[in-house]
Structure formats: C-alpha cells, structure tokens
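Novice: There's a structure below that I have some questions on.
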Amino acid sequence: MDFSQFAILPVVLLGRQIDFEDETNLLMLRIAFGTVVFITSVVVLYLKNKMSNTQLENKHVEVSANPSPFNSDGEKEKITYEEHDAREFKKFLQKVGMPIVICIGIHYYAGIAIPLLIQAIMIPMNIYKSPLVKFYILGEHVTRPFPPPPSPFGNIGKLMEDMKDDGEDKPKKKKKVQKKPTEAEKENIKKNQ
C-alpha cells in the first residue's frame, strides 16, 4: 500500500508552524521549491534521453484504445513497448508539470506558501514512484501495461461489496418467538391430552 498521500497532513501541520511572513523563511521555501523544479526538469530531460536511446524488445502490449472514464466498450489495441512508453511519458509530464504550474500560480496570485512546501515534498515522491523512472533510470523490471496506482481508499469499496454480498448470500435466521398460549389454547391442549 502506498502511504505517500498521507504525507501531506504532517507537511501541512509543519508548514503552519513556520512563519512565512518572515522574508527569510519565504525565500528559503522558494529556493527549495525552485531546486525541486530544477531537479525535476533534469530528471525529465534525462528520462526522455534514456527513452530515445534505449532499444526495447519488439513486443506488443494490449491497451485500451481510448483510455477515458467514459469508455464503456473496452476496445483494445496492440502497440509496441516504445509506443506505450511514449504515451506514458506524456501522462508523466502532466502528472509532474501540472502541480508545478498550479502551485506557482497560487503562490504568485494569492501569496499562499503552503502549496510550495507540499509540492516540494510530493513531486520527488511521485517521480520516484513512476514506472518509467523505475525502468529507465533505476533499472528495475516493470511489467507493461503499467498497473494503475493503488488508491489508499480502494479497499473500502471492496469491503463494502463484501459486506453487501455477505448479507445477500446468507439467509437470515428467524428467531422462533415462543408466545404464551392464550386461555382458549390452554383449554384446547388439555382436551387433546
């Protein structure tokens, strides 16, 4: 299970203890965020260079033809590993680039510093978790198509379905309630004995 999403809360609590009204603290945070953005840019360029220089096996992988949440027909297409990695690289750029742009905009227009602190921690964690980085830079074996990232709340839905299934599969036992016989029933019982 991936616990990196739970790192946000301690970072926010730590950030609230730091006085960002002080220009020195704010400057140090901007330098730290700028360093993370610079290192991220270097990693992205290095990854792109490694991808273009690496010859992969001529294997094919089946992926969804139109990957979208509204794709209900489930059409599949066969693509090579290189095409698959090129598509995943575009997703990787969006996953890494969008938080940087959004945080810079929030900080510039609203003057809020906490998003810079959060992303200075989260961006390196997201880069390390990327299957492309694991394969091309760290040299780890990665299966294709890449598995979707695990959700920390993904098991809640499964548990709810299991609970629902457990309730439907097992017949409910009815308790036999013994009621007290009425006077007429008592007399009827005595007559039959």
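Quick note on naming: the chains in the structure tokens go A, B, ... in the order shown, residues restart at 1 in each chain, and ligands are numbered from 1 in order of appearance.
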Set the distance at 9 Å and use only C-alpha atoms: which residues neighbour segment 14-19 of chain A once local chain neighbours fewer than 6 positions away are removed? I'd like the list as a list in words.
Specialist: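 Once the nearby chain positions are removed, what remains is Asn25, Leu26, Ala113, Ile114, Leu117 and Ile118 of chain A.
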Novice: Atoms to include: C-alpha atoms. Write the selected residues as a PDB file, in the first residue's frame.
Specialist:
ATOM      1  CA  ASN A  25      11.684  31.753   5.549  1.00  0.00           C
ATOM      2  CA  LEU A  26       9.729  32.564   2.412  1.00  0.00           C
ATOM      3  CA  ALA A 113       3.161  29.437   0.601  1.00  0.00           C
ATOM      4  CA  ILE A 114       1.908  26.039   1.845  1.00  0.00           C
ATOM      5  CA  LEU A 117       6.007  23.281   0.651  1.00  0.00           C
ATOM      6  CA  ILE A 118       3.632  20.408  -0.108  1.00  0.00           C
TER       7      ILE A 118
END
Novice: Dump as CSV the rows for residues of segment 34-91 of chain A within 10 Å of segment 95-108 of chain A: closest atom pair and distance in Å with one decimal, only C-alpha atoms counted, ordered by chain and rising residue number.
Specialist:
residue,atom,partner,partner_atom,distance
A:Gly34,CA,A:Ile100,CA,9.8
A:Val36,CA,A:Ile100,CA,9.8
A:Val37,CA,A:Ile100,CA,7.5
A:Thr40,CA,A:Val96,CA,8.1
A:Ser41,CA,A:Gly97,CA,9.3
A:Val44,CA,A:Val96,CA,9.2
A:Phe89,CA,A:Lys95,CA,9.6
A:Lys90,CA,A:Lys95,CA,8.7
A:Lys91,CA,A:Lys95,CA,6.1
Novice: I need the residues from that last selection saved to file as a PDB file, in the first residue's frame (with all heavy atoms), if you can.
Specialist:
ATOM      1  N   GLY A  34      12.233  25.890  -6.016  1.00  0.00           N
ATOM      2  CA  GLY A  34      12.946  26.088  -7.279  1.00  0.00           C
ATOM      3  C   GLY A  34      13.959  24.987  -7.529  1.00  0.00           C
ATOM      4  O   GLY A  34      14.136  24.533  -8.664  1.00  0.00           O
ATOM      5  N   VAL A  36      13.730  21.890  -6.397  1.00  0.00           N
ATOM      6  CA  VAL A  36      12.952  20.697  -6.755  1.00  0.00           C
ATOM      7  C   VAL A  36      12.504  20.774  -8.210  1.00  0.00           C
ATOM      8  O   VAL A  36      12.577  19.785  -8.944  1.00  0.00           O
ATOM      9  CB  VAL A  36      11.753  20.523  -5.797  1.00  0.00           C
ATOM     10  CG1 VAL A  36      10.771  19.506  -6.332  1.00  0.00           C
ATOM     11  CG2 VAL A  36      12.233  20.130  -4.417  1.00  0.00           C
ATOM     12  N   VAL A  37      12.059  21.951  -8.656  1.00  0.00           N
ATOM     13  CA  VAL A  37      11.623  22.114 -10.045  1.00  0.00           C
ATOM     14  C   VAL A  37      12.807  21.916 -10.992  1.00  0.00           C
ATOM     15  O   VAL A  37      12.675  21.257 -12.034  1.00  0.00           O
ATOM     16  CB  VAL A  37      10.963  23.498 -10.255  1.00  0.00           C
ATOM     17  CG1 VAL A  37      10.735  23.782 -11.728  1.00  0.00           C
ATOM     18  CG2 VAL A  37       9.658  23.569  -9.490  1.00  0.00           C
ATOM     19  N   THR A  40      13.653  18.243 -11.053  1.00  0.00           N
ATOM     20  CA  THR A  40      12.594  17.566 -11.805  1.00  0.00           C
ATOM     21  C   THR A  40      12.808  17.750 -13.304  1.00  0.00           C
ATOM     22  O   THR A  40      12.668  16.796 -14.077  1.00  0.00           O
ATOM     23  CB  THR A  40      11.220  18.109 -11.399  1.00  0.00           C
ATOM     24  OG1 THR A  40      11.028  17.876 -10.010  1.00  0.00           O
ATOM     25  CG2 THR A  40      10.105  17.457 -12.183  1.00  0.00           C
ATOM     26  N   SER A  41      13.150  18.944 -13.722  1.00  0.00           N
ATOM     27  CA  SER A  41      13.408  19.196 -15.141  1.00  0.00           C
ATOM     28  C   SER A  41      14.587  18.369 -15.638  1.00  0.00           C
ATOM     29  O   SER A  41      14.536  17.804 -16.740  1.00  0.00           O
ATOM     30  CB  SER A  41      13.691  20.682 -15.379  1.00  0.00           C
ATOM     31  OG  SER A  41      12.634  21.463 -14.934  1.00  0.00           O
ATOM     32  N   VAL A  44      13.424  14.756 -15.968  1.00  0.00           N
ATOM     33  CA  VAL A  44      12.548  14.579 -17.133  1.00  0.00           C
ATOM     34  C   VAL A  44      13.373  14.566 -18.419  1.00  0.00           C
ATOM     35  O   VAL A  44      13.164  13.714 -19.298  1.00  0.00           O
ATOM     36  CB  VAL A  44      11.462  15.674 -17.164  1.00  0.00           C
ATOM     37  CG1 VAL A  44      10.762  15.712 -18.504  1.00  0.00           C
ATOM     38  CG2 VAL A  44      10.460  15.452 -16.047  1.00  0.00           C
ATOM     39  N   PHE A  89       4.889   8.590 -21.017  1.00  0.00           N
ATOM     40  CA  PHE A  89       5.738   9.758 -20.771  1.00  0.00           C
ATOM     41  C   PHE A  89       4.907  11.036 -20.816  1.00  0.00           C
ATOM     42  O   PHE A  89       5.122  11.947 -20.016  1.00  0.00           O
ATOM     43  CB  PHE A  89       6.888   9.813 -21.784  1.00  0.00           C
ATOM     44  CG  PHE A  89       7.839  10.945 -21.551  1.00  0.00           C
ATOM     45  CD1 PHE A  89       8.738  10.903 -20.494  1.00  0.00           C
ATOM     46  CD2 PHE A  89       7.828  12.066 -22.369  1.00  0.00           C
ATOM     47  CE1 PHE A  89       9.614  11.953 -20.258  1.00  0.00           C
ATOM     48  CE2 PHE A  89       8.695  13.114 -22.149  1.00  0.00           C
ATOM     49  CZ  PHE A  89       9.600  13.054 -21.091  1.00  0.00           C
ATOM     50  N   LYS A  90       3.952  11.112 -21.750  1.00  0.00           N
ATOM     51  CA  LYS A  90       3.072  12.285 -21.807  1.00  0.00           C
ATOM     52  C   LYS A  90       2.253  12.403 -20.520  1.00  0.00           C
ATOM     53  O   LYS A  90       2.083  13.495 -19.972  1.00  0.00           O
ATOM     54  CB  LYS A  90       2.141  12.199 -23.011  1.00  0.00           C
ATOM     55  CG  LYS A  90       2.835  12.429 -24.327  1.00  0.00           C
ATOM     56  CD  LYS A  90       1.865  12.326 -25.484  1.00  0.00           C
ATOM     57  CE  LYS A  90       2.579  12.472 -26.812  1.00  0.00           C
ATOM     58  NZ  LYS A  90       1.675  12.300 -27.950  1.00  0.00           N
ATOM     59  N   LYS A  91       1.743  11.267 -20.028  1.00  0.00           N
ATOM     60  CA  LYS A  91       0.993  11.278 -18.764  1.00  0.00           C
ATOM     61  C   LYS A  91       1.900  11.699 -17.610  1.00  0.00           C
ATOM     62  O   LYS A  91       1.491  12.433 -16.707  1.00  0.00           O
ATOM     63  CB  LYS A  91       0.411   9.895 -18.475  1.00  0.00           C
ATOM     64  CG  LYS A  91      -0.683   9.470 -19.419  1.00  0.00           C
ATOM     65  CD  LYS A  91      -1.157   8.073 -19.056  1.00  0.00           C
ATOM     66  CE  LYS A  91      -2.091   7.496 -20.067  1.00  0.00           C
ATOM     67  NZ  LYS A  91      -2.461   6.110 -19.756  1.00  0.00           N
TER      68      LYS A  91
END
Novice: Determine the nearest neighbour of Leu45 of chain A from the options A:Met122, A:Ala7, A:Leu93, A:Asp85, counting only C-alpha atoms.
Specialist: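 Checking each of A:Met122, A:Ala7, A:Leu93, A:Asp85 against Leu45 of chain A, counting only C-alpha atoms, the winner is A:Leu93.
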Novice: Which parts of segment 75-114 of chain A does DSSP call helix (DSSP H, G or I) when run on the backbone here, written out as a count of residues only?
Specialist: 31
Novice: Closest to Val142 of chain A among A:Lys186, A:Tyr81, A:Thr24, A:Ile123, using only C-alpha atoms?
Specialist: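 Checking each candidate against Val142 of chain A, we get A:Tyr81 as the closest.
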Novice: How far is it from atom CA of Val61 of chain A to atom CA of Lys129 of chain A, in Å with one decimal?
Specialist: 21.4 Å
Novice: Which one is closest to Pro10 of chain A: A:Ser130, A:Ile121, A:Asn49, A:Glu88? Count only C-alpha atoms.
Specialist: A:Ile121
Novice: Measuring atom to atom with only C-alpha atoms, identify which of A:Ala120, A:Ile189, A:Met163, A:Leu132 is nearest to Met51 of chain A.
Specialist: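 Between A:Ala120, A:Ile189, A:Met163, A:Leu132, the residue approaching Met51 of chain A most closely is A:Leu132.
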Novice: What does the distance from atom CA of Phe38 of chain A to atom CA of Leu56 of chain A come to in Å, to one decimal?
Specialist: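 So the two atoms, atom CA of Phe38 of chain A and atom CA of Leu56 of chain A, lie 28.7 Å apart.
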Novice: Quick check, in Å to one decimal: how far apart do atom CA of Pro131 of chain A and atom CA of Asn58 of chain A lie?
Specialist: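 Interatomic distance, atom CA of Pro131 of chain A to atom CA of Asn58 of chain A: 19.0 Å.
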